$ cat data00.cif   # mmCIF, C-alpha atoms
data_input
loop_
_atom_site.group_PDB
_atom_site.id
_atom_site.type_symbol
_atom_site.label_atom_id
_atom_site.label_comp_id
_atom_site.auth_asym_id
_atom_site.auth_seq_id
_atom_site.Cartn_x
_atom_site.Cartn_y
_atom_site.Cartn_z
ATOM 1 C CA MET J 802 0.354 17.546 9.700
ATOM 2 C CA ASN J 803 3.926 18.746 10.104
ATOM 3 C CA ASN J 804 5.765 15.506 9.414
ATOM 4 C CA LEU J 805 4.456 12.130 8.226
ATOM 5 C CA ILE J 806 6.622 9.036 7.712
ATOM 6 C CA LEU J 807 5.419 5.921 5.874
ATOM 7 C CA GLY J 808 7.169 2.629 5.203
ATOM 8 C CA ASP J 809 10.832 1.909 5.871
ATOM 9 C CA PHE J 810 12.099 5.480 6.044
ATOM 10 C CA ASP J 811 15.555 5.775 7.646
ATOM 11 C CA PHE J 812 16.012 2.004 7.515
ATOM 12 C CA ILE J 813 19.659 3.025 7.565
ATOM 13 C CA PRO J 814 19.986 6.303 9.491
ATOM 14 C CA SER J 815 21.536 9.147 7.492
ATOM 15 C CA HIS J 816 24.255 9.776 10.086
ATOM 16 C CA LEU J 817 25.930 6.373 9.541
ATOM 17 C CA PRO J 818 29.112 6.607 7.448
ATOM 18 C CA ALA J 819 28.816 5.196 3.933
ATOM 19 C CA GLU J 820 31.405 3.535 1.685
ATOM 20 C CA GLY J 821 30.606 5.989 -1.085
ATOM 21 C CA GLY J 822 28.025 8.463 -2.218
ATOM 22 C CA LEU J 823 26.752 10.693 -4.969
ATOM 23 C CA ASN J 824 24.682 13.897 -4.757
ATOM 24 C CA ILE J 825 22.877 15.558 -7.668
ATOM 25 C CA MET J 826 20.518 18.535 -7.904
ATOM 26 C CA ILE J 827 18.262 19.086 -10.904
ATOM 27 C CA ASN J 828 15.340 21.307 -11.851
ATOM 28 C CA PRO J 829 12.066 19.389 -12.327
ATOM 29 C CA ILE J 830 11.327 21.339 -15.511
ATOM 30 C CA ASP J 831 14.481 19.840 -17.067
ATOM 31 C CA LEU J 832 13.032 16.359 -16.584
ATOM 32 C CA MET J 833 9.489 17.305 -17.618
ATOM 33 C CA THR J 834 10.571 18.858 -20.918
ATOM 34 C CA SER J 835 12.387 15.661 -21.886
ATOM 35 C CA TRP J 836 11.491 12.365 -20.187
ATOM 36 C CA LYS J 837 14.649 10.886 -21.746
ATOM 37 C CA ARG J 838 16.612 12.829 -19.141
ATOM 38 C CA CYS J 839 15.086 10.688 -16.369
ATOM 39 C CA GLY J 840 16.473 7.602 -18.103
ATOM 40 C CA ALA J 841 19.821 9.258 -18.809
ATOM 41 C CA LEU J 842 20.196 10.257 -15.162
ATOM 42 C CA ALA J 843 19.127 6.774 -14.027
ATOM 43 C CA ASN J 844 21.665 5.169 -16.362
ATOM 44 C CA PHE J 845 24.397 7.496 -15.086
ATOM 45 C CA VAL J 846 23.720 6.553 -11.457
ATOM 46 C CA ALA J 847 23.574 2.861 -12.384
ATOM 47 C CA SER J 848 26.862 3.128 -14.259
ATOM 48 C CA PHE J 849 28.441 4.991 -11.352
ATOM 49 C CA TYR J 850 27.657 2.097 -8.984
ATOM 50 C CA SER J 851 27.974 -0.902 -11.285
ATOM 51 C CA ASP J 852 31.770 -1.163 -11.430
ATOM 52 C CA GLU J 853 32.668 -4.212 -9.294
ATOM 53 C CA ARG J 854 36.337 -3.225 -9.113
ATOM 54 C CA ASP J 855 35.494 -0.220 -6.964
ATOM 55 C CA PHE J 856 33.153 -1.904 -4.535
ATOM 56 C CA GLY J 857 33.839 -5.657 -4.771
ATOM 57 C CA LYS J 858 30.108 -6.289 -5.113
ATOM 58 C CA LYS J 859 27.836 -7.553 -7.857
ATOM 59 C CA LEU J 860 25.694 -4.533 -8.714
ATOM 60 C CA ASP J 861 23.010 -4.989 -11.357
ATOM 61 C CA ALA J 862 23.128 -1.808 -13.470
ATOM 62 C CA ASN J 863 19.790 -2.536 -15.168
ATOM 63 C CA LEU J 864 18.034 -2.989 -11.849
ATOM 64 C CA ILE J 865 19.584 0.153 -10.359
ATOM 65 C CA SER J 866 18.609 2.105 -13.481
ATOM 66 C CA THR J 867 15.028 0.792 -13.320
ATOM 67 C CA ILE J 868 14.630 1.731 -9.662
ATOM 68 C CA PHE J 869 16.233 5.114 -10.094
ATOM 69 C CA ASN J 870 14.269 5.940 -13.254
ATOM 70 C CA GLU J 871 11.006 5.336 -11.384
ATOM 71 C CA LEU J 872 12.143 7.627 -8.563
ATOM 72 C CA MET J 873 13.116 10.392 -10.993
ATOM 73 C CA GLU J 874 9.889 10.189 -13.004
ATOM 74 C CA ASN J 875 7.795 10.378 -9.835
ATOM 75 C CA ALA J 876 9.824 13.302 -8.486
ATOM 76 C CA ALA J 877 9.407 15.177 -11.761
ATOM 77 C CA LYS J 878 5.702 14.338 -12.035
ATOM 78 C CA TYR J 879 4.915 15.350 -8.436
ATOM 79 C CA SER J 880 7.140 18.435 -8.167
ATOM 80 C CA ASP J 881 6.551 22.126 -8.172
ATOM 81 C CA LYS J 882 7.915 22.526 -11.677
ATOM 82 C CA ARG J 883 9.882 25.764 -11.582
ATOM 83 C CA ASP J 884 10.424 26.978 -8.044
ATOM 84 C CA ALA J 885 12.170 24.013 -6.426
ATOM 85 C CA LEU J 886 14.977 21.562 -7.057
ATOM 86 C CA ILE J 887 14.978 17.790 -7.011
ATOM 87 C CA THR J 888 17.824 16.561 -4.825
ATOM 88 C CA VAL J 889 19.260 13.085 -5.322
ATOM 89 C CA ASN J 890 21.459 11.425 -2.717
ATOM 90 C CA THR J 891 22.849 7.920 -3.002
ATOM 91 C CA LYS J 892 24.974 6.072 -0.472
ATOM 92 C CA LEU J 893 26.513 2.620 -0.520
ATOM 93 C CA TYR J 894 26.486 0.700 2.776
ATOM 94 C CA ASN J 895 28.252 -2.647 2.360
ATOM 95 C CA ASN J 896 25.482 -4.651 0.621
ATOM 96 C CA ILE J 897 22.775 -1.955 0.530
ATOM 97 C CA LEU J 898 22.479 0.929 -1.912
ATOM 98 C CA LYS J 899 20.374 3.730 -0.447
ATOM 99 C CA MET J 900 18.740 5.979 -3.041
ATOM 100 C CA GLU J 901 17.034 9.111 -1.761
ATOM 101 C CA VAL J 902 15.124 11.665 -3.820
ATOM 102 C CA GLU J 903 13.719 14.915 -2.412
ATOM 103 C CA ASN J 904 11.300 17.194 -4.176
ATOM 104 C CA TYR J 905 8.739 19.869 -3.337
ATOM 105 C CA ALA J 906 5.068 19.554 -4.206
ATOM 106 C CA ARG J 907 1.928 21.641 -3.898
ATOM 107 C CA GLN J 908 -1.145 20.427 -1.971
ATOM 108 C CA ARG J 909 -2.866 18.558 -4.838
ATOM 109 C CA HIS J 910 0.243 16.545 -5.703
ATOM 110 C CA PHE J 911 0.903 15.900 -2.022
ATOM 111 C CA ASP J 912 -2.607 14.502 -1.505
ATOM 112 C CA SER J 913 -2.320 12.194 -4.501
ATOM 113 C CA LEU J 914 1.135 10.902 -3.572
ATOM 114 C CA LYS J 915 0.252 10.470 0.110
ATOM 115 C CA ASN J 916 -2.801 8.365 -0.760
ATOM 116 C CA HIS J 917 -0.758 6.267 -3.173
ATOM 117 C CA PHE J 918 2.002 5.603 -0.598
ATOM 118 C CA GLU J 919 -0.486 4.764 2.126
ATOM 119 C CA LYS J 920 -1.956 2.071 -0.152
ATOM 120 C CA LEU J 921 1.521 0.698 -0.889
ATOM 121 C CA VAL J 922 2.815 0.476 2.658
ATOM 122 C CA ASN J 923 -0.463 -0.793 4.116
ATOM 123 C CA ALA J 924 -1.058 -3.483 1.471
ATOM 124 C CA LYS J 925 -1.293 -6.974 2.886
ATOM 125 C CA ASP J 926 -0.713 -8.550 -0.549
ATOM 126 C CA LEU J 927 1.167 -6.612 -3.249
ATOM 127 C CA ASP J 928 0.018 -9.004 -5.977
ATOM 128 C CA ASP J 929 -3.634 -8.280 -5.107
ATOM 129 C CA LEU J 930 -2.943 -4.545 -5.018
ATOM 130 C CA TYR J 931 -1.326 -4.796 -8.459
ATOM 131 C CA VAL J 932 -4.403 -6.510 -9.923
ATOM 132 C CA GLN J 933 -6.703 -3.923 -8.302
ATOM 133 C CA GLN J 934 -4.606 -1.061 -9.661
ATOM 134 C CA MET J 935 -4.605 -2.514 -13.172
ATOM 135 C CA GLN J 936 -8.407 -2.917 -13.059
ATOM 136 C CA GLN J 937 -8.788 0.693 -11.884
ATOM 137 C CA ASN J 938 -6.565 1.875 -14.719
ATOM 138 C CA ILE J 939 -8.754 0.103 -17.270
ATOM 139 C CA GLU J 940 -12.029 1.325 -15.764
ATOM 140 C CA LYS J 941 -11.003 4.934 -15.146
ATOM 141 C CA GLU J 942 -8.402 5.414 -17.900
ATOM 142 C CA GLN J 943 -5.988 6.965 -15.402
ATOM 143 C CA GLU J 944 -2.212 7.039 -15.078
ATOM 144 C CA SER J 945 -0.872 3.626 -14.160
ATOM 145 C CA GLY J 946 0.399 4.296 -10.623
ATOM 146 C CA ILE J 947 2.153 0.938 -10.649
ATOM 147 C CA GLY J 948 5.844 1.891 -10.862
ATOM 148 C CA LEU J 949 6.631 1.940 -7.153
ATOM 149 C CA LEU J 950 4.272 -0.979 -6.584
ATOM 150 C CA LEU J 951 6.238 -3.073 -9.089
ATOM 151 C CA LEU J 952 9.506 -2.115 -7.392
ATOM 152 C CA LEU J 953 8.228 -3.399 -4.057
ATOM 153 C CA LYS J 954 6.581 -6.440 -5.563
ATOM 154 C CA ASP J 955 9.335 -7.612 -7.908
ATOM 155 C CA TYR J 956 12.692 -6.424 -6.571
ATOM 156 C CA PRO J 957 14.788 -6.765 -3.400
ATOM 157 C CA VAL J 958 14.006 -3.294 -2.039
ATOM 158 C CA LYS J 959 12.555 -1.484 0.946
ATOM 159 C CA LEU J 960 10.714 1.804 0.460
ATOM 160 C CA GLY J 961 10.003 4.712 2.783
ATOM 161 C CA ILE J 962 8.723 8.246 2.448
ATOM 162 C CA ARG J 963 8.645 11.369 4.568
ATOM 163 C CA PHE J 964 6.258 14.265 3.972
ATOM 164 C CA GLU J 965 7.188 17.571 5.600
ATOM 165 C CA GLU J 966 4.809 20.502 5.555
ATOM 166 C CA ILE J 967 6.706 23.638 4.547
ATOM 167 C CA ASP J 968 3.640 25.895 4.544
ATOM 168 C CA GLU J 969 -0.085 25.432 3.968
ATOM 169 C CA ASN J 970 0.366 24.652 0.255
ATOM 170 C CA MET J 971 3.929 23.285 -0.066
ATOM 171 C CA TYR J 972 5.430 19.975 1.037
ATOM 172 C CA LYS J 973 8.918 18.531 0.984
ATOM 173 C CA ILE J 974 8.735 14.881 -0.081
ATOM 174 C CA THR J 975 11.660 12.542 0.554
ATOM 175 C CA VAL J 976 11.524 9.023 -0.893
ATOM 176 C CA GLN J 977 14.092 6.438 0.123
ATOM 177 C CA VAL J 978 14.631 3.126 -1.620
ATOM 178 C CA TYR J 979 17.036 0.564 -0.206
ATOM 179 C CA HIS J 980 18.325 -1.929 -2.767
ATOM 180 C CA PHE J 981 19.856 -5.104 -1.325
ATOM 181 C CA ILE J 982 22.915 -6.130 -3.349
ATOM 182 C CA GLU J 983 23.691 -9.786 -3.971
ATOM 183 C CA PRO J 984 27.171 -10.842 -2.854
ATOM 184 C CA SER J 985 29.573 -11.420 -5.752
#

$ encode --input "data00.cif" --output "structure tokens"
Amino acid sequence: MNNLILGDFDFIPSHLPAEGGLNIMINPIDLMTSWKRCGALANFVASFYSDERDFGKKLDANLISTIFNELMENAAKYSDKRDALITVNTKLYNNILKMEVENYARQRHFDSLKNHFEKLVNAKDLDDLYVQQMQQNIEKEQESGIGLLLLLKDYPVKLGIRFEEIDENMYKITVQVYHFIEPS
């Protein structure tokens, strides 16, 4: 596998001009040593985009923060902790906010994340998948694995992911979430 794409990746191609954007780079270890930093970063991004005066749109800061926090926690959890950066890119396209997070993961994290995303994008019924996941969590006492599932199930978003093999034990993972903004 050199390159695998799942879901709605590049729903809006990266080469299209945006109305605005924000780029951030952070070390995964900074997020892992204090989970509060994921929330702080998510709140910053939400605050950055929630000012109607700049964009003339009704942006829900709580929703943006929730989506972004989930992306940051997953990137931190599934990253090579010390040797790679997490890159965050956001772009505003009229009524769509594109949030993209890139991180680097070793083989075991790649396998876990790939399996999880395949379940998400191939699910016929997200409500059924949610119930199945909750039952598995109770039976196996495992991590929840429901964050991205809840985003797809409960919010106006599209989700896509690209896995790129860097070498036999390292993968670049790019997750894109497209949030559809309600007109003001």

$ atom_distance --input "data00.cif" --atom1 "atom CA of Glu965 of chain J" --atom2 "atom CA of Asn804 of chain J"
4.6 Å

$ closest_atom_pairs --input "data00.cif" --of "segment 886-971 of chain J" --to "segment 811-826 of chain J" --cutoff "8 Å" --atoms "all atoms listed in the file" --output "CSV"
residue,atom,partner,partner_atom,distance
J:Leu886,CA,J:Met826,CA,6.4
J:Ile887,CA,J:Met826,CA,5.7
J:Thr888,CA,J:Met826,CA,4.5
J:Val889,CA,J:Ile825,CA,5.0
J:Asn890,CA,J:Asn824,CA,4.5
J:Thr891,CA,J:Leu823,CA,5.2
J:Lys892,CA,J:Gly822,CA,4.3
J:Leu893,CA,J:Gly821,CA,5.3
J:Tyr894,CA,J:Ala819,CA,5.2
J:Asn895,CA,J:Glu820,CA,7.0
J:Gly961,CA,J:Asp811,CA,7.5

$ residues_near_point --input "data00.cif" --point "(16.4, -1.4, -14.9)" --cutoff "12 Å" --atoms "all atoms listed in the file" --output "list in words"
Gly840, Ala841, Ala843, Asn844, Phe845, Val846, Ala847, Ser848, Leu860, Asp861, Ala862, Asn863, Leu864, Ile865, Ser866, Thr867, Ile868, Phe869, Asn870, Glu871, Leu872, Gly948, Leu951, Leu952, Asp955 and Tyr956 of chain J

$ atom_distance --input "data00.cif" --atom1 "atom CA of Met873 of chain J" --atom2 "atom CA of Leu832 of chain J"
8.2 Å

$ resolve_selection --input "data00.cif" --expression "the PyMOL selection byres ((chain J and resi 829) around 6)" --output "list in words"
Asn828, Ile830, Asp831, Leu832, Ala877 and Lys882 of chain J

$ closest_residue --input "data00.cif" --among "J:Ile947, J:Leu953, J:Ile967, J:Ile827" --to "Tyr979 of chain J" --atoms "only C-alpha atoms"
J:Leu953

$ closest_residue --input "data00.cif" --among "J:Lys899, J:Asp912, J:Arg907, J:Glu966" --to "Asp809 of chain J" --atoms "all atoms listed in the file"
J:Lys899

$ atom_distance --input "data00.cif" --atom1 "atom CA of Gln937 of chain J" --atom2 "atom CA of Leu950 of chain J"
14.2 Å

$ resolve_selection --input "data00.cif" --expression "the PyMOL selection byres ((chain J and resi 980-982) around 8)" --output "ChimeraX atom specification"
/J:858-860,865,896-900,957-959,978-979,983-984

$ axis_aligned_box --input "data00.cif" --around "segment 926-944 of chain J" --padding-each-side "4 Å" --output "lines of an AutoDock Vina configuration file"
center_x = -5.4
center_y = -1.0
center_z = -9.2
size_x = 21.2
size_y = 24.0
size_z = 25.4

$ resolve_selection --input "data00.cif" --expression "the PyMOL selection byres ((chain J and resi 934) around 12)" --output "VMD selection string"
chain J and resid 917 920 to 921 924 927 to 933 935 to 951

$ closest_residue --input "data00.cif" --among "J:Arg963, J:Lys837, J:Leu842, J:Tyr972" --to "Phe918 of chain J" --atoms "only C-alpha atoms"
J:Arg963

$ closest_residue --input "data00.cif" --among "J:Cys839, J:Leu960, J:Ile974, J:Val902" --to "Leu914 of chain J" --atoms "only C-alpha atoms"
J:Ile974

$ closest_residue --input "data00.cif" --among "J:Asn923, J:Phe849, J:Phe964, J:Ser880" --to "Phe810 of chain J" --atoms "all atoms listed in the file"
J:Phe964

$ decode --input "data00.cif" --residues "segment 814-826 of chain J" --atoms "all heavy atoms" --output "compact mmCIF listing (two decimals), in the first residue's frame"
# COMPACT_ATOMS: atom_id res chain seq x y z
N PRO J 814 -11.12 20.26 -3.39
CA PRO J 814 -9.69 20.11 -3.71
C PRO J 814 -8.84 21.22 -3.09
O PRO J 814 -9.26 22.37 -3.02
CB PRO J 814 -9.65 20.17 -5.24
CG PRO J 814 -11.04 19.81 -5.68
CD PRO J 814 -11.95 20.31 -4.59
N SER J 815 -7.66 20.85 -2.63
CA SER J 815 -6.77 21.78 -1.93
C SER J 815 -6.35 22.97 -2.79
O SER J 815 -6.01 24.03 -2.26
CB SER J 815 -5.53 21.04 -1.45
OG SER J 815 -5.90 20.08 -0.51
N HIS J 816 -6.36 22.84 -4.09
CA HIS J 816 -5.89 23.93 -4.96
C HIS J 816 -6.91 25.06 -5.13
O HIS J 816 -6.56 26.13 -5.61
CB HIS J 816 -5.48 23.38 -6.33
CG HIS J 816 -6.63 22.89 -7.14
ND1 HIS J 816 -7.15 21.62 -6.98
CD2 HIS J 816 -7.40 23.49 -8.09
CE1 HIS J 816 -8.16 21.45 -7.82
NE2 HIS J 816 -8.33 22.58 -8.49
N LEU J 817 -8.16 24.85 -4.71
CA LEU J 817 -9.16 25.92 -4.83
C LEU J 817 -8.87 27.04 -3.84
O LEU J 817 -8.56 26.78 -2.68
CB LEU J 817 -10.56 25.37 -4.59
CG LEU J 817 -11.12 24.44 -5.66
CD1 LEU J 817 -12.51 23.96 -5.27
CD2 LEU J 817 -11.18 25.14 -7.01
N PRO J 818 -8.99 28.30 -4.27
CA PRO J 818 -8.72 29.40 -3.34
C PRO J 818 -9.78 29.49 -2.25
O PRO J 818 -10.97 29.32 -2.51
CB PRO J 818 -8.75 30.65 -4.25
CG PRO J 818 -9.44 30.22 -5.49
CD PRO J 818 -9.34 28.74 -5.61
N ALA J 819 -9.33 29.76 -1.04
CA ALA J 819 -10.21 29.86 0.12
C ALA J 819 -10.41 31.32 0.50
O ALA J 819 -9.63 32.19 0.12
CB ALA J 819 -9.61 29.09 1.29
N GLU J 820 -11.45 31.58 1.30
CA GLU J 820 -11.71 32.93 1.80
C GLU J 820 -10.81 33.27 2.98
O GLU J 820 -10.66 34.44 3.33
CB GLU J 820 -13.17 33.04 2.25
CG GLU J 820 -14.15 32.93 1.12
CD GLU J 820 -15.58 32.93 1.61
OE1 GLU J 820 -15.89 33.61 2.61
OE2 GLU J 820 -16.40 32.23 1.01
N GLY J 821 -10.26 32.27 3.61
CA GLY J 821 -9.38 32.47 4.75
C GLY J 821 -8.80 31.15 5.18
O GLY J 821 -9.29 30.09 4.79
N GLY J 822 -7.75 31.21 5.97
CA GLY J 822 -7.13 29.97 6.41
C GLY J 822 -6.23 30.18 7.62
O GLY J 822 -5.87 31.30 7.98
N LEU J 823 -5.91 29.07 8.24
CA LEU J 823 -5.06 29.06 9.42
C LEU J 823 -4.22 27.80 9.38
O LEU J 823 -4.75 26.72 9.10
CB LEU J 823 -5.95 29.08 10.67
CG LEU J 823 -5.28 28.98 12.04
CD1 LEU J 823 -4.48 30.25 12.33
CD2 LEU J 823 -6.35 28.78 13.11
N ASN J 824 -2.92 27.92 9.65
CA ASN J 824 -2.02 26.76 9.69
C ASN J 824 -1.28 26.75 11.02
O ASN J 824 -0.77 27.79 11.46
CB ASN J 824 -1.00 26.83 8.55
CG ASN J 824 -1.67 26.82 7.20
OD1 ASN J 824 -2.58 26.05 6.96
ND2 ASN J 824 -1.21 27.69 6.31
N ILE J 825 -1.22 25.57 11.64
CA ILE J 825 -0.56 25.40 12.93
C ILE J 825 0.24 24.12 12.90
O ILE J 825 -0.21 23.12 12.34
CB ILE J 825 -1.60 25.32 14.08
CG1 ILE J 825 -2.46 26.58 14.14
CG2 ILE J 825 -0.92 25.05 15.42
CD1 ILE J 825 -3.67 26.47 15.05
N MET J 826 1.42 24.13 13.52
CA MET J 826 2.22 22.92 13.69
C MET J 826 2.49 22.74 15.17
O MET J 826 2.79 23.70 15.87
CB MET J 826 3.52 23.02 12.92
CG MET J 826 3.32 23.11 11.42
SD MET J 826 4.84 23.34 10.52
CE MET J 826 5.39 21.66 10.46
